[in-house]
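Data from work19.tsv: TSV, C-alpha atoms and all ligand atoms
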```
chain	number	residue	atom	x	y	z
A	1	MET	CA	-4.21	-3.90	-65.65
A	2	GLY	CA	-5.48	-3.90	-69.23
A	3	GLY	CA	-3.37	-0.77	-69.91
A	4	LYS	CA	-6.43	1.46	-69.73
A	5	LYS	CA	-5.85	4.98	-68.49
A	6	SER	CA	-8.06	6.21	-65.63
A	7	LYS	CA	-9.89	9.54	-65.88
A	8	PRO	CA	-8.72	11.87	-63.09
A	9	VAL	CA	-10.72	11.34	-59.89
A	10	ALA	CA	-9.91	14.78	-58.48
A	11	LEU	CA	-12.66	16.16	-60.73
A	12	LEU	CA	-15.22	14.01	-59.01
A	13	HIS	CA	-16.71	16.47	-56.54
A	14	THR	CA	-20.42	16.97	-57.03
A	15	ARG	CA	-22.90	18.92	-54.95
A	16	ALA	CA	-26.48	17.66	-54.62
A	17	ARG	CA	-29.40	17.56	-52.17
A	18	LEU	CA	-31.12	14.71	-50.37
A	19	LEU	CA	-34.91	14.49	-50.62
A	20	ASP	CA	-35.23	16.43	-47.33
A	21	GLY	CA	-33.18	19.29	-48.79
A	22	SER	CA	-29.93	18.53	-46.95
A	23	PRO	CA	-26.88	19.59	-48.98
A	24	VAL	CA	-24.48	16.75	-49.78
A	25	ILE	CA	-21.23	16.25	-51.64
A	26	LEU	CA	-20.35	13.17	-53.68
A	27	ARG	CA	-16.62	12.58	-54.08
A	28	ALA	CA	-14.01	9.89	-54.53
A	29	LEU	CA	-12.81	8.43	-51.24
A	30	SER	CA	-9.22	9.19	-50.25
A	31	ARG	CA	-6.78	7.95	-47.62
A	32	ALA	CA	-8.21	10.54	-45.24
A	33	ASP	CA	-11.53	8.63	-45.21
A	34	ARG	CA	-10.13	5.50	-43.58
A	35	ALA	CA	-11.36	6.31	-40.06
A	36	ASN	CA	-14.79	7.38	-41.40
A	37	LEU	CA	-15.16	4.08	-43.20
A	38	ILE	CA	-14.33	2.14	-40.03
A	39	SER	CA	-16.83	4.06	-37.90
A	40	GLY	CA	-19.46	4.03	-40.66
A	41	PHE	CA	-19.16	0.25	-40.93
A	42	GLU	CA	-19.48	-0.12	-37.14
A	43	GLU	CA	-22.69	1.92	-37.16
A	44	LEU	CA	-24.38	-0.27	-39.80
A	45	SER	CA	-27.15	-2.53	-38.51
A	46	PRO	CA	-26.49	-6.30	-38.86
A	47	HIS	CA	-29.36	-6.36	-41.37
A	48	SER	CA	-27.78	-3.71	-43.62
A	49	THR	CA	-24.39	-5.41	-43.38
A	50	TYR	CA	-26.00	-8.71	-44.39
A	51	MET	CA	-27.83	-7.10	-47.32
A	52	ARG	CA	-24.66	-5.42	-48.56
A	53	PHE	CA	-22.24	-8.34	-48.19
A	54	LEU	CA	-24.74	-11.20	-48.55
A	55	GLY	CA	-23.52	-12.54	-45.21
A	56	TYR	CA	-22.45	-11.32	-41.80
A	57	LYS	CA	-19.16	-9.46	-41.62
A	58	ALA	CA	-17.35	-8.29	-38.49
A	59	ASN	CA	-15.24	-5.50	-39.96
A	60	LEU	CA	-13.49	-4.13	-43.02
A	61	SER	CA	-10.03	-5.68	-43.42
A	62	GLU	CA	-6.90	-3.57	-43.86
A	63	SER	CA	-6.70	-4.57	-47.52
A	64	GLU	CA	-10.37	-3.67	-48.06
A	65	LEU	CA	-9.71	-0.26	-46.46
A	66	ASP	CA	-6.65	0.22	-48.69
A	67	HIS	CA	-8.70	-0.66	-51.74
A	68	LEU	CA	-11.65	1.58	-50.83
A	69	THR	CA	-9.40	4.60	-50.20
A	70	HIS	CA	-7.12	4.29	-53.24
A	71	GLN	CA	-8.72	5.04	-56.60
A	72	ASP	CA	-7.82	3.81	-60.07
A	73	PRO	CA	-11.12	4.37	-61.92
A	74	ALA	CA	-10.23	2.26	-64.96
A	75	GLU	CA	-10.10	-0.62	-62.48
A	76	HIS	CA	-11.94	0.40	-59.33
A	77	LEU	CA	-13.60	3.43	-57.80
A	78	SER	CA	-15.24	4.18	-54.45
A	79	ILE	CA	-17.48	7.21	-54.08
A	80	GLY	CA	-18.71	8.60	-50.77
A	81	ILE	CA	-21.68	10.84	-50.07
A	82	GLU	CA	-21.48	13.21	-47.10
A	83	PHE	CA	-23.42	16.03	-45.55
A	84	ALA	CA	-22.03	19.37	-46.60
A	85	GLY	CA	-23.70	21.50	-43.96
A	86	ARG	CA	-21.94	24.29	-42.12
A	87	GLY	CA	-19.01	22.85	-40.22
A	88	GLU	CA	-19.93	19.18	-40.17
A	89	HIS	CA	-19.01	16.79	-42.98
A	90	LYS	CA	-20.58	13.50	-41.94
A	91	GLY	CA	-20.39	10.43	-44.20
A	92	ILE	CA	-23.75	8.98	-45.24
A	93	GLY	CA	-22.92	6.21	-47.69
A	94	VAL	CA	-20.53	4.61	-50.16
A	95	ALA	CA	-20.81	3.08	-53.61
A	96	ARG	CA	-18.03	1.30	-55.45
A	97	TYR	CA	-17.25	-0.64	-58.58
A	98	GLN	CA	-14.55	-3.13	-59.41
A	99	ARG	CA	-13.77	-4.01	-62.99
A	100	ASP	CA	-14.30	-7.67	-63.90
A	101	GLU	CA	-10.80	-8.80	-64.78
A	102	GLY	CA	-10.31	-9.40	-68.49
A	103	SER	CA	-13.90	-8.50	-69.39
A	104	GLU	CA	-14.40	-7.28	-72.96
A	105	PRO	CA	-16.61	-5.30	-73.38
A	106	ILE	CA	-15.67	-4.02	-69.94
A	107	THR	CA	-18.03	-4.81	-67.07
A	108	ALA	CA	-17.68	-4.14	-63.35
A	109	GLU	CA	-19.22	-5.37	-60.13
A	110	PHE	CA	-20.85	-2.72	-57.92
A	111	GLY	CA	-22.04	-2.34	-54.35
A	112	VAL	CA	-23.76	0.44	-52.43
A	113	VAL	CA	-24.61	1.06	-48.80
A	114	VAL	CA	-26.22	3.95	-46.93
A	115	ALA	CA	-26.16	4.45	-43.15
A	116	ASP	CA	-29.40	3.14	-41.65
A	117	ARG	CA	-30.67	6.41	-40.26
A	118	TYR	CA	-30.44	8.08	-43.69
A	119	HIS	CA	-32.42	5.47	-45.65
A	120	GLY	CA	-35.18	6.72	-47.91
A	121	LEU	CA	-33.63	10.15	-48.54
A	122	GLY	CA	-32.32	9.42	-52.03
A	123	GLY	CA	-28.69	8.87	-51.02
A	124	ALA	CA	-28.30	5.53	-52.79
A	125	THR	CA	-29.90	6.87	-55.94
A	126	LEU	CA	-27.49	9.83	-56.01
A	127	LEU	CA	-24.54	7.51	-55.38
A	128	LEU	CA	-25.51	5.05	-58.10
A	129	LYS	CA	-26.11	7.81	-60.65
A	130	GLN	CA	-22.65	9.20	-59.98
A	131	LEU	CA	-21.12	5.73	-60.04
A	132	CYS	CA	-22.74	5.00	-63.43
A	133	ARG	CA	-21.43	8.32	-64.79
A	134	GLU	CA	-17.89	7.65	-63.64
A	135	ALA	CA	-17.97	4.03	-64.81
A	136	ARG	CA	-19.09	5.11	-68.26
A	137	ARG	CA	-16.38	7.81	-68.44
A	138	ASN	CA	-13.90	5.04	-67.77
A	139	GLY	CA	-15.09	2.77	-70.56
A	140	ILE	CA	-17.25	0.41	-68.53
A	141	CYS	CA	-20.38	-0.64	-70.41
A	142	CYS	CA	-22.28	-2.47	-67.69
A	143	LEU	CA	-22.40	-2.61	-63.89
A	144	ARG	CA	-23.54	-5.83	-62.24
A	145	GLY	CA	-24.46	-6.46	-58.64
A	146	GLU	CA	-25.80	-9.41	-56.69
A	147	VAL	CA	-28.86	-8.60	-54.59
A	148	LEU	CA	-30.96	-10.71	-52.25
A	149	GLU	CA	-34.42	-11.06	-53.75
A	150	THR	CA	-35.84	-9.96	-50.38
A	151	ASN	CA	-33.91	-6.67	-50.60
A	152	LEU	CA	-36.89	-4.57	-51.66
A	153	PRO	CA	-35.22	-1.18	-50.97
A	154	MET	CA	-32.37	-2.04	-53.34
A	155	LEU	CA	-34.71	-3.45	-55.98
A	156	LYS	CA	-36.65	-0.18	-55.72
A	157	VAL	CA	-33.46	1.85	-56.17
A	158	LEU	CA	-32.53	-0.26	-59.20
A	159	GLU	CA	-35.88	0.46	-60.91
A	160	ASN	CA	-34.44	3.87	-61.85
A	161	PHE	CA	-31.49	2.29	-63.69
A	162	ASN	CA	-33.17	0.19	-66.37
A	163	PRO	CA	-31.78	-3.10	-65.03
A	164	ARG	CA	-31.87	-6.61	-66.46
A	165	PHE	CA	-31.94	-9.49	-63.96
A	166	GLU	CA	-30.49	-12.99	-64.01
A	167	PRO	CA	-30.51	-15.68	-61.32
A	168	GLY	CA	-27.69	-15.21	-58.82
A	169	SER	CA	-25.14	-17.61	-57.33
A	170	ASP	CA	-27.68	-18.69	-54.67
A	171	GLU	CA	-31.33	-19.45	-55.14
A	172	ASP	CA	-32.32	-16.39	-53.08
A	173	THR	CA	-30.18	-13.89	-55.02
A	174	LEU	CA	-30.51	-12.04	-58.31
A	175	VAL	CA	-27.81	-10.40	-60.39
A	176	ALA	CA	-28.81	-6.95	-61.60
A	177	PHE	CA	-27.11	-5.66	-64.76
A	178	ILE	CA	-27.20	-1.88	-65.26
A	179	PRO	CA	-26.51	-0.91	-68.89
A	180	LEU	CA	-24.38	2.24	-69.24
A	181	GLN	CA	-24.68	2.92	-72.96
A	182	GLY	CA	-26.83	5.96	-73.52
A	183	GLU	CA	-26.19	7.20	-69.98
A	184	ARG	CA	-25.35	10.92	-70.17
A	185	GLU	CA	-22.13	12.31	-68.72
B	201	LIG	C1	-30.61	-0.37	-50.44
B	201	LIG	C2	-30.11	0.96	-49.90
B	201	LIG	C3	-28.70	1.20	-50.45
B	201	LIG	C4	-31.06	2.08	-50.35
B	201	LIG	O1	-30.52	3.30	-49.90
B	201	LIG	P1	-31.43	4.62	-49.79
B	201	LIG	O2	-30.51	5.76	-49.70
B	201	LIG	O3	-32.42	4.43	-48.72
B	201	LIG	O4	-32.19	4.60	-51.19
B	201	LIG	P2	-32.96	5.84	-51.81
B	201	LIG	O5	-33.38	6.77	-50.73
B	201	LIG	O6	-32.18	6.34	-52.94
B	201	LIG	O7	-34.29	5.13	-52.27
B	201	LIG	C5	-34.62	4.87	-53.58
B	201	LIG	C6	-35.98	4.24	-53.62
B	201	LIG	O8	-36.09	3.16	-52.69
B	201	LIG	C7	-37.17	3.40	-51.80
B	201	LIG	N1	-36.81	2.95	-50.47
B	201	LIG	C8	-35.77	3.36	-49.71
B	201	LIG	N2	-35.78	2.70	-48.52
B	201	LIG	C9	-36.84	1.85	-48.57
B	201	LIG	C10	-37.38	0.89	-47.67
B	201	LIG	N3	-36.82	0.67	-46.46
B	201	LIG	N4	-38.46	0.17	-48.06
B	201	LIG	C11	-39.02	0.37	-49.27
B	201	LIG	N5	-38.56	1.26	-50.18
B	201	LIG	C12	-37.48	2.00	-49.82
B	201	LIG	C13	-37.39	4.87	-51.81
B	201	LIG	O9	-38.73	5.19	-51.50
B	201	LIG	C14	-37.06	5.21	-53.25
B	201	LIG	O10	-38.14	4.92	-54.08
B	201	LIG	P3	-38.57	5.95	-55.22
B	201	LIG	O11	-37.36	6.07	-56.15
B	201	LIG	O12	-39.73	5.31	-55.84
B	201	LIG	O13	-38.85	7.20	-54.48
B	201	LIG	C15	-30.09	0.97	-48.35
B	201	LIG	O14	-31.30	0.48	-47.87
B	201	LIG	C16	-28.94	0.16	-47.76
B	201	LIG	O15	-27.85	0.66	-47.56
B	201	LIG	N6	-29.18	-1.14	-47.50
B	201	LIG	C17	-28.15	-2.02	-46.98
B	201	LIG	C18	-27.10	-2.33	-48.05
B	201	LIG	C19	-27.70	-2.91	-49.32
B	201	LIG	O16	-28.74	-3.55	-49.30
B	201	LIG	N7	-27.02	-2.69	-50.46
B	201	LIG	C20	-27.50	-3.21	-51.72
B	201	LIG	C21	-26.71	-4.41	-52.15
B	201	LIG	S1	-25.23	-3.91	-52.95
```
Kindly transcribe the structure held in the file into structure tokens.
Ligand SMILES: CC(C)(COP(=O)(O)OP(=O)(O)OC[C@H]1O[C@@H](n2cnc3c(N)ncnc32)[C@H](O)[C@@H]1OP(=O)(O)O)[C@@H](O)C(=O)NCCC(=O)NCCS
Amino acid sequence: MGGKKSKPVALLHTRARLLDGSPVILRALSRADRANLISGFEELSPHSTYMRFLGYKANLSESELDHLTHQDPAEHLSIGIEFAGRGEHKGIGVARYQRDEGSEPITAEFGVVVADRYHGLGGATLLLKQLCREARRNGICCLRGEVLETNLPMLKVLENFNPRFEPGSDEDTLVAFIPLQGERE
């Protein structure tokens, strides 16, 4: 779509640490992550699911799983964060963007979720920073995401990304716009 060439996702493999010092890896999701996504979704609390999808959701559909595990960064990209301790590689969270079709300059919608028991350890901030970097490398100039105005953790995360807010599609939502110009690669 749009004829834009994606930057190679294989390069996306970044080591970092959570606030408690745990080593993590951020990388593009692949087909091998399908089962992890299913179990990660099942472990989410109803509250987190509601905050992420702005409604209750029973499961991820087959087409959503296909989409999340197949990357074409000029159009869409899903990044996972996982523990990189000895032996165990356990998924902690996912962030994704989807280009707004036909947008010029190019914008994309984003979402992020972190497993409940790992909240407050900086996982979402790491994910969003990486997502912004990859979006910018792929020519996207702004990420936008709809957030419930009661979602204080997400609004706190967004404070680090210089956002602009507009009213959302419902009276209790806001759309956050994250500018990517000036963001360093
Ligand atoms: C919103 C969410 C992604 C944050 O993930 P996280 O990994 O806990 O976020 P971080 O640890 O990076 O936290 C970043 C900031 O938020 C603050 N924070 C995290 N959890 C918080 C909480 N429960 N209450 C208040 N502040 C919180 C942190 O203290 C930190 O603030 P700081 O930068 O001033 O230190 C997570 O709560 C989540 O998955 N929620 C459900 C899905 C969702 O709401 N997605 C957003 C819509 S797309």
At most 8 Å is the cut-off: for each residue in chain A with any atom that close to an atom of ligand LIG 201 (chain B), write down the nearest atom pair and the distance in Å rounded to one decimal, counting all atoms listed in the file, chain first then increasing number, as CSV.
```
residue,atom,partner,partner_atom,distance
A:Leu19,CA,B:LIG201,O5,7.9
A:His47,CA,B:LIG201,C17,7.2
A:Ser48,CA,B:LIG201,C17,3.8
A:Thr49,CA,B:LIG201,C17,6.2
A:Tyr50,CA,B:LIG201,C18,7.4
A:Met51,CA,B:LIG201,O16,4.2
A:Arg52,CA,B:LIG201,C18,4.0
A:Phe53,CA,B:LIG201,C21,7.1
A:Leu54,CA,B:LIG201,C21,7.9
A:Gly93,CA,B:LIG201,O15,7.4
A:Phe110,CA,B:LIG201,S1,6.7
A:Gly111,CA,B:LIG201,S1,3.8
A:Val112,CA,B:LIG201,S1,4.6
A:Val113,CA,B:LIG201,O15,3.5
A:Val114,CA,B:LIG201,O15,3.7
A:Ala115,CA,B:LIG201,O15,6.1
A:Asp116,CA,B:LIG201,O15,6.6
A:Tyr118,CA,B:LIG201,O2,6.4
A:His119,CA,B:LIG201,O3,3.2
A:Gly120,CA,B:LIG201,O5,3.3
A:Leu121,CA,B:LIG201,O5,4.0
A:Gly122,CA,B:LIG201,O5,3.1
A:Gly123,CA,B:LIG201,O2,3.8
A:Ala124,CA,B:LIG201,O2,3.8
A:Thr125,CA,B:LIG201,O6,3.8
A:Leu126,CA,B:LIG201,O6,6.6
A:Gly145,CA,B:LIG201,S1,6.3
A:Glu146,CA,B:LIG201,S1,6.7
A:Val147,CA,B:LIG201,C21,5.3
A:Leu148,CA,B:LIG201,C21,7.6
A:Asn151,CA,B:LIG201,O16,6.2
A:Leu152,CA,B:LIG201,C11,5.9
A:Pro153,CA,B:LIG201,C12,4.1
A:Met154,CA,B:LIG201,C1,3.8
A:Leu155,CA,B:LIG201,O8,7.5
A:Lys156,CA,B:LIG201,O8,4.5
A:Val157,CA,B:LIG201,C5,4.1
A:Leu158,CA,B:LIG201,C5,7.9
A:Glu159,CA,B:LIG201,O11,7.5
A:Asn160,CA,B:LIG201,O11,6.8
```
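Note that atom CA of Thr150 of chain A and atom CA of Lys129 of chain A are 22.7 Å apart.
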Contacts of His67 of chain A within 12 Å, only C-alpha atoms, excl. fewer than 6 positions in-chain, as a VMD selection string: chain A and resid 29 to 31 33 to 34 37 60 to 61 73 75 to 78 96 to 98
Which residue of A:Ile106, A:Leu26, A:Ala176, A:Leu143 approaches Ala74 of chain A most closely, using only C-alpha atoms: A:Ile106
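Residue nearest Phe161 of chain A within the list A:Ala16, A:Ile38, A:Ile178, A:Leu127: A:Ile178 [criterion: smallest interatomic distance, only C-alpha atoms].
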Quick one: segment 66-173 of chain A with C-alpha atoms, as an mmCIF file, in the first residue's frame?
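Okay, this is what ended up in result.cif:
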```cif
data_model
loop_
_atom_site.group_PDB
_atom_site.id
_atom_site.type_symbol
_atom_site.label_atom_id
_atom_site.label_comp_id
_atom_site.auth_asym_id
_atom_site.auth_seq_id
_atom_site.Cartn_x
_atom_site.Cartn_y
_atom_site.Cartn_z
ATOM 1 C CA ASP A 66 -1.971 -12.982 11.761
ATOM 2 C CA HIS A 67 -1.636 -9.220 11.690
ATOM 3 C CA LEU A 68 0.279 -8.987 14.975
ATOM 4 C CA THR A 69 2.776 -11.670 13.935
ATOM 5 C CA HIS A 70 3.449 -10.508 10.367
ATOM 6 C CA GLN A 71 5.400 -7.270 10.018
ATOM 7 C CA ASP A 72 5.427 -4.718 7.218
ATOM 8 C CA PRO A 73 6.745 -1.635 9.048
ATOM 9 C CA ALA A 74 5.804 0.876 6.353
ATOM 10 C CA GLU A 75 2.226 -0.198 7.115
ATOM 11 C CA HIS A 76 2.159 -1.915 10.488
ATOM 12 C CA LEU A 77 4.543 -3.126 13.161
ATOM 13 C CA SER A 78 4.142 -5.028 16.434
ATOM 14 C CA ILE A 79 6.950 -5.017 18.982
ATOM 15 C CA GLY A 80 7.144 -7.313 21.990
ATOM 16 C CA ILE A 81 9.132 -6.913 25.186
ATOM 17 C CA GLU A 82 10.294 -10.048 26.982
ATOM 18 C CA PHE A 83 12.480 -11.049 29.880
ATOM 19 C CA ALA A 84 15.908 -12.072 28.699
ATOM 20 C CA GLY A 85 17.049 -13.840 31.834
ATOM 21 C CA ARG A 86 18.932 -17.113 31.809
ATOM 22 C CA GLY A 87 16.784 -19.751 30.165
ATOM 23 C CA GLU A 88 13.382 -18.122 30.367
ATOM 24 C CA HIS A 89 12.093 -15.719 27.713
ATOM 25 C CA LYS A 90 8.722 -14.605 29.048
ATOM 26 C CA GLY A 91 6.627 -12.012 27.193
ATOM 27 C CA ILE A 92 5.790 -8.886 29.188
ATOM 28 C CA GLY A 93 4.016 -6.586 26.753
ATOM 29 C CA VAL A 94 3.283 -5.519 23.187
ATOM 30 C CA ALA A 95 3.073 -2.222 21.327
ATOM 31 C CA ARG A 96 1.922 -1.794 17.761
ATOM 32 C CA TYR A 97 1.173 0.787 15.126
ATOM 33 C CA GLN A 98 -0.995 0.705 12.040
ATOM 34 C CA ARG A 99 -0.596 3.304 9.344
ATOM 35 C CA ASP A 100 -3.670 5.455 8.708
ATOM 36 C CA GLU A 101 -4.582 4.539 5.147
ATOM 37 C CA GLY A 102 -3.866 7.305 2.662
ATOM 38 C CA SER A 103 -2.544 9.716 5.304
ATOM 39 C CA GLU A 104 -0.126 12.348 4.008
ATOM 40 C CA PRO A 105 1.966 13.277 5.932
ATOM 41 C CA ILE A 106 1.920 9.715 7.196
ATOM 42 C CA THR A 107 0.286 9.067 10.563
ATOM 43 C CA ALA A 108 -0.407 5.802 12.370
ATOM 44 C CA GLU A 109 -2.615 4.566 15.172
ATOM 45 C CA PHE A 110 -0.843 2.943 18.134
ATOM 46 C CA GLY A 111 -1.684 0.735 21.092
ATOM 47 C CA VAL A 112 0.321 -0.662 23.987
ATOM 48 C CA VAL A 113 -0.330 -3.167 26.735
ATOM 49 C CA VAL A 114 1.796 -4.619 29.534
ATOM 50 C CA ALA A 115 0.932 -7.716 31.583
ATOM 51 C CA ASP A 116 -0.668 -6.659 34.863
ATOM 52 C CA ARG A 117 1.964 -8.051 37.181
ATOM 53 C CA TYR A 118 4.717 -6.065 35.426
ATOM 54 C CA HIS A 119 3.053 -2.635 35.602
ATOM 55 C CA GLY A 120 5.136 0.248 36.885
ATOM 56 C CA LEU A 121 8.493 -1.214 35.811
ATOM 57 C CA GLY A 122 8.979 0.968 32.742
ATOM 58 C CA GLY A 123 7.942 -1.654 30.182
ATOM 59 C CA ALA A 124 5.417 0.542 28.379
ATOM 60 C CA THR A 125 7.854 3.435 28.233
ATOM 61 C CA LEU A 126 10.533 1.206 26.668
ATOM 62 C CA LEU A 127 8.008 -0.189 24.186
ATOM 63 C CA LEU A 128 6.708 3.219 23.141
ATOM 64 C CA LYS A 129 10.210 4.649 22.718
ATOM 65 C CA GLN A 130 11.117 1.763 20.428
ATOM 66 C CA LEU A 131 7.824 2.056 18.567
ATOM 67 C CA CYS A 132 8.400 5.791 17.992
ATOM 68 C CA ARG A 133 11.921 5.066 16.703
ATOM 69 C CA GLU A 134 10.734 2.418 14.269
ATOM 70 C CA ALA A 135 7.759 4.505 13.132
ATOM 71 C CA ARG A 136 10.027 7.438 12.393
ATOM 72 C CA ARG A 137 12.498 5.221 10.475
ATOM 73 C CA ASN A 138 9.551 4.194 8.336
ATOM 74 C CA GLY A 139 8.467 7.722 7.473
ATOM 75 C CA ILE A 140 5.640 8.110 9.972
ATOM 76 C CA CYS A 141 5.458 11.622 11.395
ATOM 77 C CA CYS A 142 2.884 11.173 14.134
ATOM 78 C CA LEU A 143 1.424 8.355 16.242
ATOM 79 C CA ARG A 144 -2.113 8.744 17.554
ATOM 80 C CA GLY A 145 -3.922 6.686 20.141
ATOM 81 C CA GLU A 146 -7.303 6.857 21.825
ATOM 82 C CA VAL A 147 -7.144 6.696 25.617
ATOM 83 C CA LEU A 148 -9.837 6.720 28.274
ATOM 84 C CA GLU A 149 -9.483 9.916 30.286
ATOM 85 C CA THR A 150 -9.570 7.775 33.444
ATOM 86 C CA ASN A 151 -6.510 5.824 32.250
ATOM 87 C CA LEU A 152 -4.030 7.637 34.493
ATOM 88 C CA PRO A 153 -1.177 5.110 34.020
ATOM 89 C CA MET A 154 -1.284 5.620 30.249
ATOM 90 C CA LEU A 155 -1.573 9.389 30.550
ATOM 91 C CA LYS A 156 1.491 9.241 32.824
ATOM 92 C CA VAL A 157 3.397 7.171 30.259
ATOM 93 C CA LEU A 158 2.440 9.652 27.526
ATOM 94 C CA GLU A 159 3.871 12.600 29.505
ATOM 95 C CA ASN A 160 7.320 11.449 28.356
ATOM 96 C CA PHE A 161 6.360 11.719 24.672
ATOM 97 C CA ASN A 162 5.411 15.375 24.303
ATOM 98 C CA PRO A 163 1.797 14.612 23.336
ATOM 99 C CA ARG A 164 -0.979 16.867 22.082
ATOM 100 C CA PHE A 165 -4.551 15.888 23.015
ATOM 101 C CA GLU A 166 -7.870 16.226 21.228
ATOM 102 C CA PRO A 167 -11.328 15.021 22.255
ATOM 103 C CA GLY A 168 -11.901 11.373 21.327
ATOM 104 C CA SER A 169 -14.776 9.570 19.627
ATOM 105 C CA ASP A 170 -16.610 9.276 22.986
ATOM 106 C CA GLU A 171 -16.982 11.910 25.644
ATOM 107 C CA ASP A 172 -14.802 9.913 28.054
ATOM 108 C CA THR A 173 -11.874 9.429 25.639
#
```
